[in-house]
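Structure file my_file31.txt (compact mmCIF, C-alpha atoms and all ligand atoms) is printed below.
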```txt
# COMPACT_ATOMS: atom_id res chain seq x y z
CA MET F 10 -61.78 107.70 -288.42
CA LYS F 11 -61.58 107.20 -284.74
CA PHE F 12 -58.08 107.18 -283.41
CA LEU F 13 -56.35 106.50 -280.25
CA ASP F 14 -53.56 108.95 -279.90
CA GLN F 15 -51.50 108.02 -276.89
CA ALA F 16 -48.13 108.45 -275.33
CA LYS F 17 -46.41 107.02 -272.30
CA VAL F 18 -44.58 109.65 -270.32
CA TYR F 19 -42.26 109.63 -267.34
CA LEU F 20 -42.83 112.35 -264.79
CA LYS F 21 -40.66 113.40 -261.92
CA SER F 22 -41.13 116.26 -259.54
CA GLY F 23 -38.18 118.01 -257.97
CA ASN F 24 -36.79 117.24 -254.54
CA GLY F 25 -37.06 119.88 -251.93
CA GLY F 26 -33.89 121.81 -251.29
CA PRO F 27 -31.98 121.02 -248.07
CA GLY F 28 -32.28 123.33 -245.13
CA SER F 29 -29.25 125.40 -244.28
CA LEU F 30 -26.90 124.90 -241.35
CA SER F 31 -25.78 128.41 -240.72
CA PHE F 32 -24.72 130.51 -237.71
CA ARG F 33 -24.78 134.25 -237.70
CA ARG F 34 -21.39 135.73 -236.88
CA GLU F 35 -21.53 139.22 -235.53
CA LYS F 36 -19.02 141.61 -234.04
CA TYR F 37 -19.65 141.09 -230.33
CA ILE F 38 -21.05 137.61 -230.48
CA GLU F 39 -18.36 135.16 -231.21
CA PHE F 40 -20.77 132.41 -231.93
CA GLY F 41 -24.21 133.70 -232.79
CA GLY F 42 -27.55 131.95 -233.13
CA PRO F 43 -28.56 129.69 -235.93
CA ASP F 44 -30.06 131.40 -238.94
CA GLY F 45 -30.11 128.66 -241.61
CA GLY F 46 -33.28 128.99 -243.70
CA ASP F 47 -35.44 126.22 -245.08
CA GLY F 48 -34.82 124.65 -248.47
CA GLY F 49 -37.04 125.62 -251.40
CA ARG F 50 -39.88 123.48 -252.64
CA GLY F 51 -39.14 121.22 -255.62
CA GLY F 52 -41.11 121.82 -258.82
CA SER F 53 -44.29 119.80 -259.34
CA VAL F 54 -45.40 118.14 -262.56
CA ILE F 55 -48.86 119.26 -263.55
CA VAL F 56 -51.13 118.30 -266.41
CA GLU F 57 -53.33 121.08 -267.71
CA CYS F 58 -56.08 121.08 -270.29
CA VAL F 59 -55.63 123.98 -272.70
CA GLU F 60 -57.19 125.44 -275.78
CA GLY F 61 -55.82 125.12 -279.27
CA LEU F 62 -54.38 121.61 -279.12
CA ASN F 63 -55.74 118.70 -281.12
CA THR F 64 -53.35 115.85 -280.60
CA LEU F 65 -50.81 114.44 -278.18
CA ILE F 66 -48.25 114.38 -280.91
CA ASP F 67 -45.69 116.41 -278.95
CA TYR F 68 -45.53 113.75 -276.26
CA ARG F 69 -44.33 111.15 -278.72
CA TYR F 70 -41.08 113.01 -279.09
CA GLN F 71 -40.45 114.04 -275.53
CA GLN F 72 -41.24 111.41 -272.98
CA HIS F 73 -39.48 112.55 -269.83
CA PHE F 74 -40.70 115.54 -267.89
CA LYS F 75 -38.68 116.41 -264.83
CA ALA F 76 -39.10 119.41 -262.61
CA LYS F 77 -36.04 120.90 -260.97
CA ASN F 78 -35.06 120.56 -257.33
CA GLY F 79 -35.67 123.33 -254.87
CA GLY F 80 -32.74 125.54 -253.89
CA HIS F 81 -30.70 125.30 -250.69
CA GLY F 82 -31.82 127.22 -247.67
CA MET F 83 -29.61 130.24 -246.95
CA GLY F 84 -28.22 132.22 -244.08
CA ARG F 85 -30.21 135.06 -242.46
CA ASN F 86 -33.08 132.61 -242.37
CA ARG F 87 -33.76 132.96 -246.06
CA THR F 88 -35.77 130.19 -247.70
CA GLY F 89 -34.19 128.65 -250.78
CA PRO F 90 -35.82 129.39 -254.12
CA ALA F 91 -38.71 127.14 -255.11
CA ALA F 92 -38.27 125.38 -258.46
CA PRO F 93 -40.77 126.15 -261.22
CA ASP F 94 -43.49 123.61 -261.99
CA VAL F 95 -43.42 121.66 -265.21
CA ILE F 96 -46.75 121.87 -267.01
CA LEU F 97 -47.85 119.36 -269.59
CA LYS F 98 -50.44 120.94 -271.85
CA VAL F 99 -53.02 118.57 -273.25
CA PRO F 100 -56.12 118.97 -275.41
CA VAL F 101 -59.71 118.55 -274.27
CA GLY F 102 -60.63 114.88 -274.24
CA THR F 103 -57.33 113.69 -272.85
CA GLN F 104 -57.36 110.97 -270.26
CA VAL F 105 -54.52 110.23 -267.89
CA LEU F 106 -54.03 106.60 -266.94
CA GLU F 107 -51.71 104.68 -264.64
CA GLU F 108 -48.78 102.80 -266.06
CA ASP F 109 -51.03 99.75 -266.55
CA ASN F 110 -52.88 101.77 -269.20
CA GLU F 111 -56.19 100.84 -267.54
CA THR F 112 -56.64 102.67 -264.28
CA LEU F 113 -58.01 106.11 -264.93
CA ILE F 114 -56.43 108.96 -263.03
CA ALA F 115 -58.06 111.91 -264.73
CA ASP F 116 -60.40 112.73 -267.56
CA PHE F 117 -60.04 116.25 -268.90
CA THR F 118 -63.26 117.49 -270.38
CA GLU F 119 -62.94 121.25 -270.00
CA ILE F 120 -60.36 123.87 -270.76
CA GLY F 121 -58.59 125.05 -267.65
CA GLN F 122 -58.79 121.80 -265.69
CA SER F 123 -55.52 120.70 -264.19
CA LEU F 124 -54.11 118.10 -261.89
CA VAL F 125 -50.85 117.73 -259.99
CA LEU F 126 -49.48 114.33 -260.92
CA CYS F 127 -46.19 114.55 -259.06
CA LYS F 128 -45.95 116.91 -256.18
CA GLY F 129 -42.63 118.64 -255.64
CA GLY F 130 -40.83 117.72 -252.41
CA ASP F 131 -40.95 120.22 -249.56
CA GLY F 132 -37.76 121.93 -248.62
CA GLY F 133 -35.96 120.67 -245.52
CA ARG F 134 -35.90 122.88 -242.47
CA GLY F 135 -32.81 124.89 -241.74
CA ASN F 136 -31.24 124.98 -238.30
CA ALA F 137 -33.05 128.19 -237.38
CA ALA F 138 -36.22 126.13 -237.26
CA PHE F 139 -34.84 123.87 -234.55
CA LYS F 140 -33.95 126.62 -232.11
CA SER F 141 -35.62 126.10 -228.75
CA SER F 142 -35.32 127.35 -225.19
CA THR F 143 -33.00 124.51 -224.35
CA ASN F 144 -31.00 124.47 -227.52
CA ARG F 145 -30.06 127.93 -228.68
CA ALA F 146 -27.66 126.73 -231.35
CA PRO F 147 -28.87 123.48 -232.86
CA ARG F 148 -26.61 121.83 -235.37
CA ARG F 149 -29.65 120.18 -236.83
CA PHE F 150 -31.08 120.68 -240.29
CA GLU F 151 -33.07 118.54 -242.68
CA PRO F 152 -32.31 117.38 -246.17
CA GLY F 153 -35.06 118.21 -248.66
CA TRP F 154 -38.00 115.87 -248.99
CA PRO F 155 -37.91 113.76 -252.12
CA GLY F 156 -40.14 114.45 -255.08
CA GLU F 157 -42.26 111.77 -256.70
CA ASP F 158 -41.94 109.94 -259.94
CA ARG F 159 -44.25 107.81 -262.01
CA TRP F 160 -45.06 106.67 -265.52
CA VAL F 161 -48.46 107.55 -266.89
CA TRP F 162 -50.27 107.20 -270.17
CA LEU F 163 -51.85 110.15 -271.89
CA ARG F 164 -54.65 109.06 -274.13
CA LEU F 165 -56.81 110.98 -276.55
CA LYS F 166 -59.55 109.62 -278.69
CA LEU F 167 -59.98 111.69 -281.75
CA ILE F 168 -61.60 111.52 -285.07
CA ALA F 169 -59.42 112.04 -288.11
CA ASP F 170 -61.23 113.93 -290.82
CA ALA F 171 -59.12 112.76 -293.71
CA GLY F 172 -57.17 109.56 -294.23
CA LEU F 173 -54.20 109.03 -296.53
CA VAL F 174 -54.20 105.85 -298.56
CA GLY F 175 -51.84 104.58 -301.21
CA LEU F 176 -49.20 101.99 -301.94
CA PRO F 177 -46.07 101.95 -299.81
CA ASN F 178 -43.68 104.71 -300.92
CA ALA F 179 -46.42 106.83 -302.48
CA GLY F 180 -45.34 109.76 -300.31
CA LYS F 181 -48.10 109.69 -297.69
CA SER F 182 -45.84 110.49 -294.76
CA THR F 183 -44.07 113.16 -296.78
CA PHE F 184 -47.44 114.75 -297.42
CA LEU F 185 -48.37 114.65 -293.74
CA SER F 186 -45.11 116.21 -292.70
CA ALA F 187 -45.37 118.90 -295.38
CA THR F 188 -48.83 119.94 -294.26
CA SER F 189 -48.75 119.55 -290.48
CA ARG F 190 -46.42 119.67 -287.53
CA ALA F 191 -46.34 115.88 -287.39
CA ARG F 192 -42.91 114.44 -288.10
CA PRO F 193 -43.46 110.91 -289.37
CA LYS F 194 -40.54 108.83 -290.52
CA ILE F 195 -39.93 109.13 -294.25
CA ALA F 196 -37.73 106.82 -296.30
CA ASP F 197 -37.43 105.39 -299.77
CA TYR F 198 -38.38 101.88 -298.77
CA PRO F 199 -41.82 100.38 -298.36
CA PHE F 200 -43.49 100.13 -294.96
CA THR F 201 -41.63 102.97 -293.40
CA THR F 202 -44.77 103.85 -291.52
CA LEU F 203 -45.67 101.12 -289.06
CA VAL F 204 -48.42 102.71 -287.03
CA PRO F 205 -50.88 105.45 -287.92
CA GLN F 206 -49.64 108.99 -287.55
CA LEU F 207 -51.80 112.02 -287.08
CA GLY F 208 -51.32 115.62 -287.89
CA VAL F 209 -53.38 118.77 -287.63
CA VAL F 210 -53.51 120.58 -290.94
CA GLY F 211 -54.20 124.29 -291.03
CA VAL F 212 -55.74 125.67 -294.19
CA GLY F 213 -57.66 128.87 -294.88
CA GLY F 214 -57.91 129.62 -291.17
CA LYS F 215 -59.48 126.23 -290.48
CA GLU F 216 -58.01 123.01 -289.16
CA PHE F 217 -58.58 119.36 -289.77
CA VAL F 218 -56.97 116.14 -288.61
CA LEU F 219 -55.16 114.09 -291.23
CA ALA F 220 -54.09 110.50 -290.64
CA ASP F 221 -51.28 108.70 -292.35
CA ILE F 222 -51.54 104.94 -292.26
CA PRO F 223 -49.05 102.30 -293.37
CA GLY F 224 -49.06 101.61 -297.10
CA LEU F 225 -51.60 99.16 -298.46
CA ILE F 226 -50.63 96.35 -300.80
CA GLU F 227 -52.44 93.71 -302.75
CA GLY F 228 -54.13 91.39 -300.27
CA ALA F 229 -54.23 94.05 -297.57
CA SER F 230 -57.92 93.43 -296.96
CA GLU F 231 -57.08 89.77 -296.26
CA GLY F 232 -54.36 90.67 -293.84
CA ILE F 233 -51.28 90.92 -296.03
CA GLY F 234 -48.82 93.69 -295.22
CA LEU F 235 -49.53 96.13 -292.43
CA GLY F 236 -52.17 98.48 -293.66
CA HIS F 237 -55.13 96.14 -293.11
CA ARG F 238 -54.84 96.52 -289.37
CA PHE F 239 -55.58 100.16 -289.80
CA LEU F 240 -58.17 100.02 -292.52
CA GLY F 241 -60.79 99.93 -289.77
CA HIS F 242 -59.59 103.35 -288.72
CA VAL F 243 -60.00 104.81 -292.17
CA GLU F 244 -63.55 103.59 -292.19
CA ARG F 245 -64.73 106.49 -290.07
CA CYS F 246 -63.02 109.41 -291.72
CA ARG F 247 -64.85 111.87 -293.92
CA VAL F 248 -62.66 111.75 -296.98
CA LEU F 249 -59.82 109.67 -298.41
CA LEU F 250 -56.74 111.22 -299.90
CA HIS F 251 -55.43 108.69 -302.34
CA LEU F 252 -51.81 109.26 -303.36
CA VAL F 253 -50.30 107.63 -306.42
CA ASP F 254 -46.53 107.72 -306.96
CA GLY F 255 -46.14 109.37 -310.37
CA THR F 256 -42.64 108.03 -310.89
CA GLN F 257 -43.76 104.44 -311.25
CA GLU F 258 -44.59 102.91 -314.61
CA ASP F 259 -48.05 101.63 -313.93
CA VAL F 260 -50.01 104.37 -312.17
CA VAL F 261 -53.34 102.86 -313.15
CA GLY F 262 -52.30 99.50 -311.68
CA ALA F 263 -51.31 101.24 -308.44
CA TYR F 264 -54.63 103.02 -308.26
CA LYS F 265 -56.62 99.87 -308.97
CA THR F 266 -54.73 97.82 -306.39
CA ILE F 267 -55.77 100.21 -303.66
CA ARG F 268 -59.35 100.50 -304.88
CA THR F 269 -59.67 96.71 -304.95
CA GLU F 270 -58.44 96.46 -301.38
CA LEU F 271 -60.77 99.19 -300.16
CA GLU F 272 -63.71 97.53 -301.83
CA ALA F 273 -62.81 94.09 -300.52
CA TYR F 274 -62.47 95.47 -297.02
CA ALA F 275 -65.76 97.30 -296.77
CA GLN F 276 -68.21 98.75 -299.22
CA ASP F 277 -68.80 101.90 -297.24
CA LEU F 278 -65.09 102.50 -297.22
CA ALA F 279 -64.99 102.25 -300.98
CA ALA F 280 -67.99 104.55 -301.23
CA LYS F 281 -66.27 107.36 -299.37
CA ASP F 282 -65.34 110.57 -301.10
CA GLU F 283 -61.87 110.26 -302.51
CA ILE F 284 -59.46 112.84 -303.77
CA LEU F 285 -57.09 111.29 -306.21
CA VAL F 286 -53.65 112.81 -306.48
CA LEU F 287 -50.62 112.08 -308.61
CA ASN F 288 -47.56 112.77 -306.45
CA LYS F 289 -43.87 113.41 -307.19
CA ILE F 290 -44.46 115.61 -310.22
CA ASP F 291 -41.14 117.31 -309.49
CA SER F 292 -39.50 114.19 -310.94
CA LEU F 293 -41.62 114.09 -314.08
CA LEU F 294 -41.57 115.87 -317.42
CA ASP F 295 -44.66 117.84 -318.36
CA GLU F 296 -45.60 115.31 -321.06
CA GLU F 297 -45.31 112.48 -318.57
CA ILE F 298 -47.56 114.27 -316.13
CA GLU F 299 -50.16 114.89 -318.82
CA GLU F 300 -50.03 111.32 -319.96
CA LYS F 301 -50.32 109.83 -316.49
CA VAL F 302 -53.11 112.15 -315.46
CA ALA F 303 -55.03 111.20 -318.59
CA GLU F 304 -54.53 107.47 -317.92
CA LEU F 305 -55.62 107.82 -314.32
CA GLU F 306 -58.62 109.98 -315.08
CA LYS F 307 -59.78 107.46 -317.63
CA ALA F 308 -59.40 104.54 -315.23
CA ALA F 309 -60.87 106.30 -312.21
CA GLY F 310 -63.56 108.31 -313.95
CA LYS F 311 -62.74 111.38 -311.90
CA LYS F 312 -60.51 114.40 -311.85
CA VAL F 313 -56.90 113.87 -310.84
CA MET F 314 -54.91 116.52 -309.00
CA THR F 315 -51.12 116.71 -309.22
CA ILE F 316 -48.65 117.66 -306.51
CA SER F 317 -45.14 117.40 -305.29
CA ALA F 318 -45.23 116.61 -301.59
CA VAL F 319 -41.51 117.30 -301.41
CA THR F 320 -41.49 120.78 -302.95
CA GLY F 321 -45.01 121.64 -301.78
CA ASP F 322 -46.10 122.41 -305.33
CA LYS F 323 -49.93 122.56 -305.58
CA VAL F 324 -50.34 120.98 -302.15
CA ASP F 325 -52.59 123.84 -301.02
CA GLU F 326 -55.10 123.08 -303.74
CA VAL F 327 -55.44 119.58 -302.40
CA LEU F 328 -55.89 120.87 -298.87
CA PHE F 329 -58.68 123.22 -299.93
CA ALA F 330 -60.38 120.41 -301.80
CA LEU F 331 -60.20 118.24 -298.68
CA LEU F 332 -61.49 121.04 -296.48
CA GLU F 333 -64.48 121.58 -298.73
CA ILE F 334 -65.55 117.95 -298.44
CA ILE F 335 -64.89 117.88 -294.70
CA ASN F 336 -66.99 121.00 -294.11
CA ARG F 337 -69.81 119.65 -296.22
CA ASP F 338 -69.72 116.35 -294.38
CA LYS F 339 -69.72 118.10 -291.00
CA GLN F 340 -72.75 120.14 -291.99
CA GLU F 341 -74.57 117.04 -293.15
CA GLU F 342 -73.71 115.30 -289.93
CA LYS F 343 -74.98 118.23 -287.92
CA ALA F 344 -78.22 118.29 -289.85
CA GLU F 345 -78.66 114.56 -289.25
CA GLU F 346 -78.01 114.95 -285.54
CA GLU F 347 -80.54 117.74 -285.29
CA GLU F 348 -83.06 115.66 -287.16
CA ALA F 349 -82.46 112.73 -284.81
CA ALA F 350 -82.78 114.97 -281.77
CA ARG F 351 -86.05 116.32 -283.07
CA LYS F 352 -87.40 112.83 -283.63
CA GLU F 353 -86.37 111.84 -280.15
CA ALA F 354 -88.22 114.82 -278.74
CA GLY F 355 -91.31 113.44 -280.46
CA GLU F 356 -91.68 116.39 -282.73
CA GLU F 357 -93.10 115.67 -286.12
CA PRO F 358 -91.10 117.15 -288.95
CA LYS F 359 -92.94 120.24 -290.09
CA THR F 360 -94.81 119.65 -293.29
CA TRP F 361 -96.29 122.28 -295.45
CA GLN F 362 -100.07 122.48 -295.37
CA PRO F 363 -102.25 124.50 -297.66
N1 LIG E 1 -39.26 113.29 -305.87
C1 LIG E 1 -40.18 113.15 -304.95
N2 LIG E 1 -40.03 112.21 -304.00
C2 LIG E 1 -41.00 112.10 -303.06
C3 LIG E 1 -42.15 112.94 -303.04
N3 LIG E 1 -42.91 112.57 -302.00
C4 LIG E 1 -42.28 111.57 -301.38
N4 LIG E 1 -41.11 111.27 -302.02
C5 LIG E 1 -40.12 110.25 -301.64
O1 LIG E 1 -40.72 108.98 -301.70
C6 LIG E 1 -40.20 108.14 -300.66
C7 LIG E 1 -41.32 107.56 -299.83
O2 LIG E 1 -41.96 108.59 -299.11
P1 LIG E 1 -42.84 108.31 -297.81
O3 LIG E 1 -43.49 109.60 -297.48
O4 LIG E 1 -42.03 107.63 -296.77
O5 LIG E 1 -43.89 107.29 -298.41
P2 LIG E 1 -45.11 106.54 -297.67
O6 LIG E 1 -46.24 106.52 -298.63
O7 LIG E 1 -45.36 107.16 -296.35
O8 LIG E 1 -44.52 105.07 -297.51
P3 LIG E 1 -44.95 103.92 -296.44
O9 LIG E 1 -44.88 104.53 -295.09
O10 LIG E 1 -43.92 102.87 -296.67
O11 LIG E 1 -46.30 103.49 -296.83
C8 LIG E 1 -39.23 108.99 -299.88
O12 LIG E 1 -37.94 108.74 -300.33
C9 LIG E 1 -39.67 110.41 -300.20
O13 LIG E 1 -38.61 111.33 -300.09
C10 LIG E 1 -42.26 113.95 -304.07
O14 LIG E 1 -43.19 114.74 -304.14
N5 LIG E 1 -41.24 113.99 -304.98
MG MG E 2 -45.23 106.38 -294.53
```
Written as structure tokens, that's how I'd like the structure from this file.
Amino acid sequence: MKFLDQAKVYLKSGNGGPGSLSFRREKYIEFGGPDGGDGGRGGSVIVECVEGLNTLIDYRYQQHFKAKNGGHGMGRNRTGPAAPDVILKVPVGTQVLEEDNETLIADFTEIGQSLVLCKGGDGGRGNAAFKSSTNRAPRRFEPGWPGEDRWVWLRLKLIADAGLVGLPNAGKSTFLSATSRARPKIADYPFTTLVPQLGVVGVGGKEFVLADIPGLIEGASEGIGLGHRFLGHVERCRVLLHLVDGTQEDVVGAYKTIRTELEAYAQDLAAKDEILVLNKIDSLLDEEIEEKVAELEKAAGKKVMTISAVTGDKVDEVLFALLEIINRDKQEEKAEEEEAARKEAGEEPKTWQP
């Protein structure tokens, strides 16, 4: 599933500190020379490409990044303290665009690349800097130079490995928030999720990207509800995680509604690997769980896993099951790519000859 993860952020660098207007007063000199130092440099705002990030999710929650102003110049010709830079860490593959969301400013393709987006203002000069042969005691000093500010878009194209599907209220967002650092909105009414949300799930020392899309309802493939807009995204992921709310009467009906929509939307979507999970088992009696699992397994013709996204019960088992499919799919993809590369190079596949 190819995703556009993006965030609009406001950046502001610090102003330079003002220069100082200071005169040294010493014992025998009633009115000494100027010794006001320069103001400190304001902090810059810098974007840096770092290791270990997969999404821009953090930028959805904090949108304003402001560096501090430089400090005032001081007496004895001391320069004011420079303000620290503010560094926005982004993953490889991030693009920075102007506020119009079209004009490209930077394209980060390697770890360690960085760019100053708003330069901190220089400090103003203190009066010591204006001393000359004709003016031994200037009363002149400069205010600090202003910093810069701008809005930019951060944009990251990434592939989600697994996609959550299910009716509204099935607990998809709860699952995402229980398994990743993503903090999607969760509520007991349908269509809480309005746009896809992504999270990076860590399991067994590995990571994969999980996407939560708005709930699907009957007619979704024809444009009813919200989910259809995002079904195209799910088309490219490696595995579907299908959640069924165990507290509803008709679990089989819920399952079938989603399957019908997936099939109506695209055959290859319906043909994807799917892990089927009965959620909310914390609210069910053991007999109810057994009964519902049996009904679902019969209708779906596959094994059904059970979890509570809220308590975290058995969630890990689902994650390992997802990881297994994702790894297998990645290996297959790699093998296919190698095969294609070999063909391109004009090499005949090696065949065994007696
Ligand atoms: N008891 C119980 N409640 C759950 C569980 N998982 C989710 N819920 C509740 O079910 C409601 C819906 O959860 P969401 O995670 O918002 O559901 P969703 O599938 O993302 O819903 P949409 O975004 O509308 O498609 C919330 O009130 C959750 O607290 C669970 O394991 N047990
Ligand atoms: Mg949701």
Could you jot down the atom CA of F:Glu300 to atom CA of F:Val260 separation for me, Å, one decimal place?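 For atom CA of F:Glu300 relative to atom CA of F:Val260, the distance reads 10.4 Å.
One finds atom CA of F:Pro100 at 8.1 Å from atom CA of F:Phe117.
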Surrounding residues of F:Glu258 excluding itself and chain neighbours under 3 positions, 12 Å, all atoms listed in the file, as a compact mmCIF listing (two decimals) with C-alpha atoms, in the coordinates of the input:
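Contents of result12.txt, freshly written:
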```txt
# COMPACT_ATOMS: atom_id res chain seq x y z
CA VAL F 253 -50.30 107.63 -306.42
CA ASP F 254 -46.53 107.72 -306.96
CA GLY F 255 -46.14 109.37 -310.37
CA VAL F 261 -53.34 102.86 -313.15
CA GLY F 262 -52.30 99.50 -311.68
CA ALA F 263 -51.31 101.24 -308.44
CA TYR F 264 -54.63 103.02 -308.26
CA LEU F 293 -41.62 114.09 -314.08
CA GLU F 297 -45.31 112.48 -318.57
CA ILE F 298 -47.56 114.27 -316.13
CA GLU F 300 -50.03 111.32 -319.96
CA LYS F 301 -50.32 109.83 -316.49
CA GLU F 304 -54.53 107.47 -317.92
```
With a distance cut-off of 7 Å and all atoms listed in the file, select the neighbouring residues of stretch 21-26 of chain F, excluding the residue or stretch itself and same-chain residues fewer than 6 positions from it, and output the selection as a ChimeraX atom specification. /F:48-54,74-82,89,127-133,152-159
At a cut-off of 12 Å, using all atoms listed in the file, what residues contact F:Ala280? Leave out same-chain residues fewer than 2 positions from it and give the result as a PDB file with C-alpha atoms, in the frame of the given file.
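File around10.pdb, as written:
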```
ATOM      1  CA  GLU F 244     -63.550 103.590-292.190  1.00  0.00           C
ATOM      2  CA  ARG F 245     -64.730 106.490-290.070  1.00  0.00           C
ATOM      3  CA  CYS F 246     -63.020 109.410-291.720  1.00  0.00           C
ATOM      4  CA  ARG F 247     -64.850 111.870-293.920  1.00  0.00           C
ATOM      5  CA  VAL F 248     -62.660 111.750-296.980  1.00  0.00           C
ATOM      6  CA  LEU F 249     -59.820 109.670-298.410  1.00  0.00           C
ATOM      7  CA  ARG F 268     -59.350 100.500-304.880  1.00  0.00           C
ATOM      8  CA  LEU F 271     -60.770  99.190-300.160  1.00  0.00           C
ATOM      9  CA  GLU F 272     -63.710  97.530-301.830  1.00  0.00           C
ATOM     10  CA  ALA F 273     -62.810  94.090-300.520  1.00  0.00           C
ATOM     11  CA  TYR F 274     -62.470  95.470-297.020  1.00  0.00           C
ATOM     12  CA  ALA F 275     -65.760  97.300-296.770  1.00  0.00           C
ATOM     13  CA  GLN F 276     -68.210  98.750-299.220  1.00  0.00           C
ATOM     14  CA  ASP F 277     -68.800 101.900-297.240  1.00  0.00           C
ATOM     15  CA  LEU F 278     -65.090 102.500-297.220  1.00  0.00           C
ATOM     16  CA  ASP F 282     -65.340 110.570-301.100  1.00  0.00           C
ATOM     17  CA  GLU F 283     -61.870 110.260-302.510  1.00  0.00           C
TER      18      GLU F 283
END
```
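Candidate residues F:Lys352, F:Arg192, F:Gly211, F:Ala309 were compared for distance to ligand LIG 1 (chain E), and the nearest is F:Arg192, using all atoms listed in the file.
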Can you pull out every residue with an atom within 12 Å of ligand MG 2 (chain E)? Use only C-alpha atoms and all ligand atoms and format it as a ChimeraX atom specification. /F:173-186,191-207,220-225,235-236,252
Let's have the selection written as a PDB file, keeping the file's coordinate frame, with C-alpha atoms.
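Result file is again.pdb:
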```
ATOM      1  CA  LEU F 173     -54.200 109.030-296.530  1.00  0.00           C
ATOM      2  CA  VAL F 174     -54.200 105.850-298.560  1.00  0.00           C
ATOM      3  CA  GLY F 175     -51.840 104.580-301.210  1.00  0.00           C
ATOM      4  CA  LEU F 176     -49.200 101.990-301.940  1.00  0.00           C
ATOM      5  CA  PRO F 177     -46.070 101.950-299.810  1.00  0.00           C
ATOM      6  CA  ASN F 178     -43.680 104.710-300.920  1.00  0.00           C
ATOM      7  CA  ALA F 179     -46.420 106.830-302.480  1.00  0.00           C
ATOM      8  CA  GLY F 180     -45.340 109.760-300.310  1.00  0.00           C
ATOM      9  CA  LYS F 181     -48.100 109.690-297.690  1.00  0.00           C
ATOM     10  CA  SER F 182     -45.840 110.490-294.760  1.00  0.00           C
ATOM     11  CA  THR F 183     -44.070 113.160-296.780  1.00  0.00           C
ATOM     12  CA  PHE F 184     -47.440 114.750-297.420  1.00  0.00           C
ATOM     13  CA  LEU F 185     -48.370 114.650-293.740  1.00  0.00           C
ATOM     14  CA  SER F 186     -45.110 116.210-292.700  1.00  0.00           C
ATOM     15  CA  ALA F 191     -46.340 115.880-287.390  1.00  0.00           C
ATOM     16  CA  ARG F 192     -42.910 114.440-288.100  1.00  0.00           C
ATOM     17  CA  PRO F 193     -43.460 110.910-289.370  1.00  0.00           C
ATOM     18  CA  LYS F 194     -40.540 108.830-290.520  1.00  0.00           C
ATOM     19  CA  ILE F 195     -39.930 109.130-294.250  1.00  0.00           C
ATOM     20  CA  ALA F 196     -37.730 106.820-296.300  1.00  0.00           C
ATOM     21  CA  ASP F 197     -37.430 105.390-299.770  1.00  0.00           C
ATOM     22  CA  TYR F 198     -38.380 101.880-298.770  1.00  0.00           C
ATOM     23  CA  PRO F 199     -41.820 100.380-298.360  1.00  0.00           C
ATOM     24  CA  PHE F 200     -43.490 100.130-294.960  1.00  0.00           C
ATOM     25  CA  THR F 201     -41.630 102.970-293.400  1.00  0.00           C
ATOM     26  CA  THR F 202     -44.770 103.850-291.520  1.00  0.00           C
ATOM     27  CA  LEU F 203     -45.670 101.120-289.060  1.00  0.00           C
ATOM     28  CA  VAL F 204     -48.420 102.710-287.030  1.00  0.00           C
ATOM     29  CA  PRO F 205     -50.880 105.450-287.920  1.00  0.00           C
ATOM     30  CA  GLN F 206     -49.640 108.990-287.550  1.00  0.00           C
ATOM     31  CA  LEU F 207     -51.800 112.020-287.080  1.00  0.00           C
ATOM     32  CA  ALA F 220     -54.090 110.500-290.640  1.00  0.00           C
ATOM     33  CA  ASP F 221     -51.280 108.700-292.350  1.00  0.00           C
ATOM     34  CA  ILE F 222     -51.540 104.940-292.260  1.00  0.00           C
ATOM     35  CA  PRO F 223     -49.050 102.300-293.370  1.00  0.00           C
ATOM     36  CA  GLY F 224     -49.060 101.610-297.100  1.00  0.00           C
ATOM     37  CA  LEU F 225     -51.600  99.160-298.460  1.00  0.00           C
ATOM     38  CA  LEU F 235     -49.530  96.130-292.430  1.00  0.00           C
ATOM     39  CA  GLY F 236     -52.170  98.480-293.660  1.00  0.00           C
ATOM     40  CA  LEU F 252     -51.810 109.260-303.360  1.00  0.00           C
TER      41      LEU F 252
END
```
Let me make sure I understand: among F:Arg33, F:Lys140, F:Arg85, F:His251, which one has the smallest atom-to-atom distance to ligand LIG 1 (chain E) if we use all atoms listed in the file?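 Closest candidate: F:His251.
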Each side padded by 5 Å, which centre and which edge lengths in Å (one decimal) define the axis-aligned box around the listed atoms of ligand LIG 1 (chain E)? Give them as AutoDock Vina command-line options.
```
--center_x -42.1 --center_y 108.8 --center_z -300.5 --size_x 18.4 --size_y 21.9 --size_z 20.8
```
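Among the candidates F:Lys289, F:Thr64, F:Leu163, F:Asn86, the one nearest to F:Leu113 when counting all atoms listed in the file is F:Leu163.
Taking atom CA of F:Val212 and atom CA of F:Gly61 as the two end points, the separation is 14.9 Å.
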Pick out the closest residue to F:Thr103 from this set: F:Cys58, F:Ala91, F:Val125, F:Ile267. Count all atoms listed in the file. F:Cys58
Using all atoms listed in the file for the distances, tell me which of F:Pro43, F:Pro93, F:Gly28, F:Gly228 is nearest to F:Arg145.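 Ranked by minimum distance to F:Arg145, first place goes to F:Pro43.
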